[in-house]
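The file query_27.cif contains mmCIF, C-alpha atoms:
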```cif
data_structure
#
loop_
_atom_site.label_atom_id
_atom_site.label_comp_id
_atom_site.auth_asym_id
_atom_site.auth_seq_id
_atom_site.Cartn_x
_atom_site.Cartn_y
_atom_site.Cartn_z
CA MET R 50 0.00 0.00 0.00
CA THR R 51 2.81 2.38 0.76
CA LEU R 52 4.38 1.83 -2.71
CA MET R 53 1.29 2.89 -4.65
CA PRO R 54 1.76 6.69 -4.23
CA LEU R 55 5.41 6.43 -5.36
CA LEU R 56 4.48 4.38 -8.43
CA ILE R 57 1.72 6.84 -9.34
CA PHE R 58 4.16 9.79 -8.95
CA PHE R 59 6.79 8.03 -11.11
CA ALA R 60 4.24 7.25 -13.85
CA VAL R 61 2.96 10.85 -13.91
CA ALA R 62 6.54 12.20 -14.11
CA VAL R 63 7.43 9.88 -16.98
CA SER R 64 4.24 10.82 -18.83
CA LEU R 65 4.84 14.55 -18.44
CA THR R 66 8.46 14.13 -19.62
CA MET R 67 7.32 12.26 -22.74
CA VAL R 68 4.73 14.95 -23.46
CA VAL R 69 7.32 17.70 -23.14
CA PHE R 70 9.74 15.92 -25.51
CA ALA R 71 6.92 15.21 -27.96
CA PHE R 72 5.82 18.85 -28.25
CA THR R 73 9.20 20.59 -27.99
CA GLY R 74 11.03 18.39 -30.51
CA PRO R 75 14.81 18.37 -30.96
CA SER R 76 16.91 21.16 -29.44
CA THR R 77 17.82 23.92 -31.91
CA SER R 78 21.13 24.69 -30.20
CA LYS R 79 22.17 21.03 -30.31
CA ALA R 80 21.31 20.81 -33.98
CA GLN R 81 23.37 23.90 -34.71
CA ALA R 82 26.27 22.49 -32.72
CA LYS R 83 26.12 19.25 -34.73
CA ARG R 84 26.11 21.15 -38.03
CA LEU R 85 29.07 23.25 -36.93
CA ALA R 86 30.98 20.13 -35.89
CA ALA R 87 30.28 18.56 -39.26
CA MET R 88 31.54 21.66 -41.07
CA CYS R 89 34.67 21.71 -38.93
CA ASP R 90 35.37 18.08 -39.77
CA ARG R 91 34.75 18.77 -43.45
CA TYR R 92 37.21 21.62 -43.64
CA ASN R 93 39.69 20.28 -41.11
CA SER R 94 42.71 20.67 -43.36
CA ARG R 95 42.08 24.36 -43.96
CA LEU R 96 41.33 25.11 -40.35
CA THR R 97 44.53 23.37 -39.18
CA ALA R 98 46.76 25.75 -41.12
CA GLN R 99 44.72 28.77 -40.05
CA THR R 100 44.82 27.65 -36.41
CA ALA R 101 48.60 27.23 -36.51
CA GLU R 102 49.06 30.71 -37.91
CA GLU R 103 46.65 32.14 -35.35
CA LYS R 104 48.63 30.49 -32.54
CA VAL R 105 51.82 32.07 -33.84
CA ARG R 106 50.12 35.46 -33.95
CA ARG R 107 48.95 35.07 -30.37
CA ILE R 108 52.43 34.06 -29.25
CA LEU R 109 54.05 37.01 -30.98
CA ALA R 110 51.44 39.48 -29.73
CA ARG R 111 51.34 38.16 -26.19
CA GLN R 112 51.31 40.82 -23.49
CA ASP R 113 53.29 40.68 -20.30
CA SER R 114 51.44 39.21 -17.39
CA GLN R 115 50.82 41.17 -14.24
CA LEU R 116 53.59 39.35 -12.40
CA ASP R 117 56.06 40.09 -15.19
CA SER R 118 55.08 43.76 -15.16
CA PHE R 119 55.60 43.82 -11.40
CA ALA R 120 58.97 42.05 -11.68
CA LYS R 121 60.20 44.48 -14.35
CA ARG R 122 60.08 47.29 -11.78
CA PHE R 123 62.69 45.63 -9.56
CA ILE R 124 64.84 43.69 -12.06
CA PRO R 125 67.62 45.77 -13.67
CA ARG R 126 67.68 45.56 -17.47
CA PRO R 127 64.68 43.21 -17.81
CA GLU R 128 65.01 42.96 -21.60
CA VAL R 129 68.52 41.55 -21.28
CA LEU R 130 67.31 39.03 -18.74
CA ARG R 131 64.35 38.07 -20.94
CA GLN R 132 66.76 37.49 -23.83
CA ARG R 133 68.96 35.29 -21.63
CA LEU R 134 65.94 33.24 -20.58
CA ALA R 135 64.97 32.81 -24.24
CA GLN R 136 68.53 31.72 -25.10
CA SER R 137 68.36 29.02 -22.44
CA GLY R 138 65.55 27.32 -24.38
CA LYS R 139 63.20 27.30 -21.39
CA SER R 140 59.80 28.96 -21.20
CA TRP R 141 60.59 30.78 -17.96
CA THR R 142 59.24 34.25 -17.31
CA LEU R 143 60.71 37.20 -15.44
CA ALA R 144 58.30 36.61 -12.57
CA GLN R 145 59.34 32.97 -12.20
CA TYR R 146 63.01 33.93 -12.28
CA GLY R 147 62.50 36.66 -9.66
CA ILE R 148 60.48 34.40 -7.36
CA ALA R 149 63.11 31.64 -7.60
CA SER R 150 65.92 34.11 -6.83
CA VAL R 151 64.15 35.59 -3.80
CA ALA R 152 63.18 32.13 -2.48
CA LEU R 153 66.73 30.82 -2.86
CA GLY R 154 68.19 33.84 -1.09
CA ALA R 155 65.68 33.52 1.76
CA VAL R 156 66.39 29.80 2.20
CA VAL R 157 70.15 30.37 2.31
CA PHE R 158 69.69 33.23 4.82
CA LEU R 159 67.52 31.12 7.12
CA LEU R 160 69.83 28.11 6.98
CA LEU R 161 72.94 30.16 7.75
CA THR R 162 71.16 32.01 10.55
CA ALA R 163 70.04 28.70 12.05
CA ARG R 164 73.66 27.48 11.89
CA GLY R 165 74.78 30.41 14.06
CA LEU R 166 76.18 32.76 11.40
CA PRO R 167 75.80 36.49 12.20
CA PRO R 168 72.63 37.91 10.59
CA LEU R 169 74.49 40.54 8.54
CA MET R 170 76.91 38.00 7.11
CA ALA R 171 74.06 35.56 6.47
CA LEU R 172 72.11 38.30 4.68
CA LEU R 173 75.07 39.13 2.43
CA VAL R 174 75.62 35.46 1.58
CA GLY R 175 71.87 35.02 0.93
CA ILE R 176 71.79 38.01 -1.44
CA PHE R 177 74.86 36.72 -3.24
CA ALA R 178 73.33 33.23 -3.56
CA GLY R 179 69.93 34.58 -4.66
CA PHE R 180 71.42 36.69 -7.45
CA GLY R 181 74.51 34.67 -8.32
CA ILE R 182 73.33 31.06 -8.44
CA PRO R 183 70.35 31.60 -10.85
CA HIS R 184 72.56 33.76 -13.08
CA PHE R 185 75.22 31.05 -13.08
CA VAL R 186 72.69 28.31 -13.83
CA ILE R 187 71.15 30.26 -16.71
CA GLY R 188 74.62 30.94 -18.12
CA LYS R 189 75.49 27.24 -17.97
CA MET R 190 72.23 26.32 -19.71
CA ILE R 191 72.88 28.91 -22.44
CA ASN R 192 76.44 27.66 -23.03
CA ARG R 193 75.26 24.04 -23.15
CA ARG R 194 72.52 24.89 -25.64
CA ILE R 195 74.89 26.93 -27.81
CA LYS R 196 77.37 24.04 -27.89
CA LYS R 197 74.62 21.64 -28.99
CA PHE R 198 73.46 24.14 -31.60
CA ASN R 199 76.96 24.63 -33.01
CA ALA R 200 77.54 20.87 -33.10
CA ARG R 201 74.38 20.20 -35.15
CA PHE R 202 74.30 23.38 -37.20
CA PRO R 203 76.68 22.13 -39.97
CA ASP R 204 74.39 19.11 -40.45
CA ALA R 205 71.43 21.46 -40.87
CA ILE R 206 73.34 23.50 -43.48
CA GLU R 207 74.25 20.35 -45.39
CA LEU R 208 70.57 19.36 -45.35
CA LEU R 209 69.78 22.79 -46.81
CA VAL R 210 72.41 22.21 -49.50
CA ARG R 211 70.91 18.86 -50.48
CA GLY R 212 67.44 20.40 -50.66
CA LEU R 213 68.63 23.29 -52.84
CA ARG R 214 70.50 20.96 -55.18
CA SER R 215 67.37 18.85 -55.57
CA GLY R 216 65.46 21.91 -56.80
CA LEU R 217 63.55 22.99 -53.68
CA PRO R 218 63.27 26.71 -52.85
CA ILE R 219 64.97 28.09 -49.77
CA SER R 220 61.68 28.42 -47.85
CA GLU R 221 60.88 24.73 -48.34
CA THR R 222 64.36 23.65 -47.32
CA LEU R 223 64.05 25.69 -44.12
CA SER R 224 60.82 23.81 -43.35
CA VAL R 225 62.60 20.49 -43.93
CA VAL R 226 65.39 21.48 -41.52
CA ALA R 227 62.79 22.57 -38.94
CA SER R 228 61.13 19.16 -39.05
CA GLU R 229 64.14 16.87 -39.46
CA VAL R 230 66.93 18.32 -37.31
CA PRO R 231 66.58 17.73 -33.53
CA ASP R 232 66.65 20.33 -30.77
CA PRO R 233 67.94 23.03 -30.54
CA VAL R 234 68.48 23.63 -34.27
CA GLY R 235 65.05 22.40 -35.36
CA PRO R 236 62.94 24.60 -33.02
CA GLU R 237 64.95 27.70 -33.97
CA PHE R 238 64.36 27.11 -37.67
CA ARG R 239 60.73 26.35 -36.90
CA ASN R 240 60.41 29.81 -35.34
CA VAL R 241 61.91 31.31 -38.48
CA VAL R 242 59.47 29.42 -40.70
CA ASP R 243 56.48 30.41 -38.55
CA LYS R 244 57.43 34.08 -38.70
CA MET R 245 57.77 33.86 -42.47
CA LYS R 246 54.28 32.34 -42.68
CA ILE R 247 52.69 35.28 -40.86
CA GLY R 248 54.19 37.85 -43.22
CA LYS R 249 57.76 38.60 -42.14
CA THR R 250 60.57 38.44 -44.65
CA MET R 251 63.27 35.83 -44.38
CA ASP R 252 65.89 38.47 -43.55
CA GLU R 253 63.78 39.83 -40.67
CA ALA R 254 63.06 36.35 -39.29
CA LEU R 255 66.73 35.35 -39.49
CA GLU R 256 67.82 38.60 -37.85
CA GLU R 257 65.52 38.01 -34.87
CA ALA R 258 66.77 34.44 -34.60
CA ALA R 259 70.39 35.65 -34.71
CA LYS R 260 69.71 38.06 -31.82
CA ARG R 261 68.11 35.26 -29.81
CA ILE R 262 70.78 32.62 -30.50
CA ALA R 263 73.75 35.05 -30.42
CA THR R 264 76.33 32.73 -31.97
CA PRO R 265 78.89 33.72 -34.66
CA GLU R 266 78.02 30.58 -36.64
CA PHE R 267 74.39 31.57 -37.15
CA LYS R 268 75.41 35.16 -37.92
CA PHE R 269 77.68 33.81 -40.66
CA PHE R 270 74.72 31.91 -42.04
CA ARG R 271 72.44 34.97 -42.00
CA ILE R 272 75.06 37.19 -43.65
CA THR R 273 75.69 34.54 -46.31
CA LEU R 274 72.00 34.40 -47.25
CA ALA R 275 71.71 38.20 -47.24
CA ILE R 276 74.73 38.65 -49.52
CA GLN R 277 73.57 35.90 -51.86
CA ARG R 278 70.12 37.50 -52.21
CA GLU R 279 71.75 40.79 -53.24
CA THR R 280 74.58 39.54 -55.46
CA GLY R 281 73.22 36.20 -56.72
CA GLY R 282 75.27 33.11 -57.37
CA ASN R 283 75.18 29.44 -56.46
CA LEU R 284 73.63 29.37 -52.98
CA ALA R 285 74.12 25.63 -52.56
CA GLU R 286 77.86 25.89 -53.19
CA THR R 287 78.18 28.87 -50.84
CA LEU R 288 76.37 27.08 -48.04
CA SER R 289 78.45 23.94 -48.60
CA ASN R 290 81.64 25.97 -48.15
CA LEU R 291 80.13 27.55 -45.03
CA ALA R 292 79.38 24.11 -43.55
CA THR R 293 83.00 23.07 -44.16
CA VAL R 294 84.30 26.22 -42.47
CA LEU R 295 82.04 25.71 -39.47
CA ARG R 296 83.20 22.11 -39.05
CA GLN R 297 86.85 23.19 -39.17
CA ARG R 298 86.06 25.93 -36.67
CA GLY R 299 84.54 23.36 -34.31
CA GLN R 300 87.57 21.10 -34.66
CA MET R 301 89.89 24.00 -33.84
CA LYS R 302 87.85 24.78 -30.72
CA LEU R 303 88.16 21.17 -29.55
CA LYS R 304 91.93 21.22 -30.16
CA ILE R 305 92.35 24.44 -28.16
CA ARG R 306 90.18 23.01 -25.39
CA ALA R 307 92.38 19.94 -25.16
CA MET R 308 95.58 22.02 -25.10
CA SER R 309 94.28 24.36 -22.37
CA SER R 310 92.71 21.66 -20.17
CA GLU R 311 95.82 21.42 -17.95
CA SER R 312 95.83 25.15 -17.25
CA LYS R 313 92.11 25.11 -16.49
CA ALA R 314 92.53 22.22 -14.06
CA SER R 315 95.30 24.13 -12.28
CA ALA R 316 93.07 27.20 -12.03
CA TYR R 317 90.23 25.13 -10.56
CA ILE R 318 92.52 23.56 -7.97
CA VAL R 319 94.19 26.81 -6.96
CA GLY R 320 90.85 28.63 -6.75
CA SER R 321 89.03 25.99 -4.71
CA LEU R 322 91.85 24.89 -2.37
CA PRO R 323 91.53 27.80 0.15
CA PHE R 324 87.79 27.22 0.50
CA ILE R 325 88.26 23.47 0.94
CA VAL R 326 90.90 24.01 3.64
CA PHE R 327 88.69 26.60 5.38
CA GLY R 328 85.75 24.17 5.40
CA LEU R 329 87.86 21.28 6.76
CA ILE R 330 89.30 23.38 9.57
CA MET R 331 85.81 24.70 10.32
CA MET R 332 84.60 21.12 10.74
CA ILE R 333 87.55 20.20 12.99
CA ASN R 334 87.70 23.33 15.14
CA PRO R 335 84.68 25.63 14.66
CA SER R 336 85.68 28.01 17.44
CA TYR R 337 89.07 28.69 15.82
CA MET R 338 87.65 29.58 12.39
CA GLY R 339 84.63 31.27 13.92
CA GLU R 340 86.78 34.32 14.67
CA PHE R 341 86.63 35.21 10.97
CA PHE R 342 82.94 36.05 11.42
CA VAL R 343 83.41 38.08 14.64
CA ASP R 344 86.77 39.88 14.57
CA GLU R 345 86.66 42.90 12.26
CA ARG R 346 90.34 42.58 11.36
CA LEU R 347 89.91 38.99 10.23
CA ILE R 348 86.77 39.91 8.28
CA ILE R 349 88.68 42.64 6.42
CA ALA R 350 91.61 40.29 5.80
CA GLY R 351 89.31 37.55 4.52
CA MET R 352 87.47 39.91 2.17
CA GLY R 353 90.80 41.24 0.87
CA GLY R 354 92.03 37.71 0.25
CA MET R 355 88.85 36.84 -1.64
CA VAL R 356 89.25 39.95 -3.82
CA TRP R 357 92.83 39.06 -4.70
CA MET R 358 91.85 35.46 -5.37
CA GLY R 359 89.07 36.67 -7.66
CA ILE R 360 91.53 38.83 -9.59
CA GLY R 361 93.93 35.91 -9.95
CA VAL R 362 91.21 33.51 -11.14
CA PHE R 363 89.99 36.14 -13.62
CA ILE R 364 93.50 36.57 -15.06
CA MET R 365 94.02 32.82 -15.33
CA ALA R 366 90.63 32.42 -17.04
CA LYS R 367 91.56 35.07 -19.60
CA MET R 368 94.93 33.40 -20.23
CA VAL R 369 93.30 30.09 -21.23
CA ASN R 370 90.32 31.60 -23.10
CA PHE R 371 90.94 31.86 -26.84
CA GLU R 372 88.65 33.34 -29.45
CA ILE R 373 88.53 31.87 -32.94
#
```
How does the structure come out when it is put into structure tokens?
Amino acid sequence: MTLMPLLIFFAVAVSLTMVVFAFTGPSTSKAQAKRLAAMCDRYNSRLTAQTAEEKVRRILARQDSQLDSFAKRFIPRPEVLRQRLAQSGKSWTLAQYGIASVALGAVVFLLLTARGLPPLMALLVGIFAGFGIPHFVIGKMINRRIKKFNARFPDAIELLVRGLRSGLPISETLSVVASEVPDPVGPEFRNVVDKMKIGKTMDEALEEAAKRIATPEFKFFRITLAIQRETGGNLAETLSNLATVLRQRGQMKLKIRAMSSESKASAYIVGSLPFIVFGLIMMINPSYMGEFFVDERLIIAGMGGMVWMGIGVFIMAKMVNFEI
């Protein structure tokens, strides 16, 4: 008996629902959505190219975020830093770099303060770590990426030469290099091709890429294409000679690196030995070395010694650094 009212309510609800569907018919918005989906599937090939170009336009016209605008007020020369971040091949922003630097400096300050270091000295070390370590890491990443680029760049030029000799235009050969050559050469050429697709000339796209990569090898390549477009001639033969020169340049760099490795090892040992000895004595007798953080005379002497060591390491680095 108690189930009868529920069954009657369920039957009435089902009947009203069927009546509503019968008189309202199919949804107009759903029908329009289906037709639009069918049209999108029909013209998928056209829309893919247009979508890719639109993405490139959005990337090129992207505005700075609020955090980046806030970080630009406190970071000196933000455009130089943004170029360094782009050269590293990472999609880091100014805000992320600033937050990482401040967090690293704060962590170093808190750890040194907890270990008993004077607050002023801990603050100086934290500031140095917050500004110096991220800059050093970014520089290492840039140098590593440039070395990989220079190692694979002659192969990309030879691929261009084979494409030109087979009858392809220069724009098509650039697209082949962008798709066939691995990182970091392929993505850089892909950026050049994308900028050419949205209306920029090849010279403008290559000039922007040369500013971003900042290597003499790529500048040679850009100048070679610019001169060939003005004077004419066999572009494939010119690029083939350029690839040979770049390979010989790389071999000369490796030879100089091998010859100067002994001097570099000596510089590393001489530069790190005082710090290693200071750390060992600090572990054995902390009270003895702790005077360097309390006595003003020892602090001045230690800072003077670090300055002279820095000058010596700088001179030794310049003695073993050769430009080709």
Min atom-atom distance to Asn199 (chain R) from the set R:Arg239, R:Lys367, R:Arg296, R:Arg126, counting all atoms listed in the file, belongs to R:Arg296
Straight-line distance linking CA of Glu286 (chain R) with CA of Asp243 (chain R), stated in Å to one decimal
26.3 Å
May I ask for the distance between CA of Val186 (chain R) and CA of Ser150 (chain R), given in Å to one decimal place?
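Result for CA of Val186 (chain R) versus CA of Ser150 (chain R): 11.3 Å, one decimal.
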CA of Ile272 (chain R) and CA of Lys302 (chain R), how far apart in Å?
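Answer for the CA of Lys302 (chain R) to CA of Ile272 (chain R) separation: 22.0 Å.
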Would you list the contacts of Phe363 (chain R) as a PyMOL selection string, taking every protein, DNA or RNA residue within 12 Å and counting all atoms listed in the file, but skipping same-chain residues closer than 6 positions in sequence?
chain R and resi 313+316-317+320+356-357+369-370
Return as number ranges by chain the set of residues that the PyMOL selection byres ((chain R and resi 196) around 12) yields on the displayed structure.
R: 137, 189-195, 197-202, 232-234, 262-266, 299, 302-303
Across R:Leu161, R:Leu143, R:Ala178, R:Ala366, the smallest distance to Pro127 (chain R), with all atoms listed in the file counted, is shown by R:Leu143
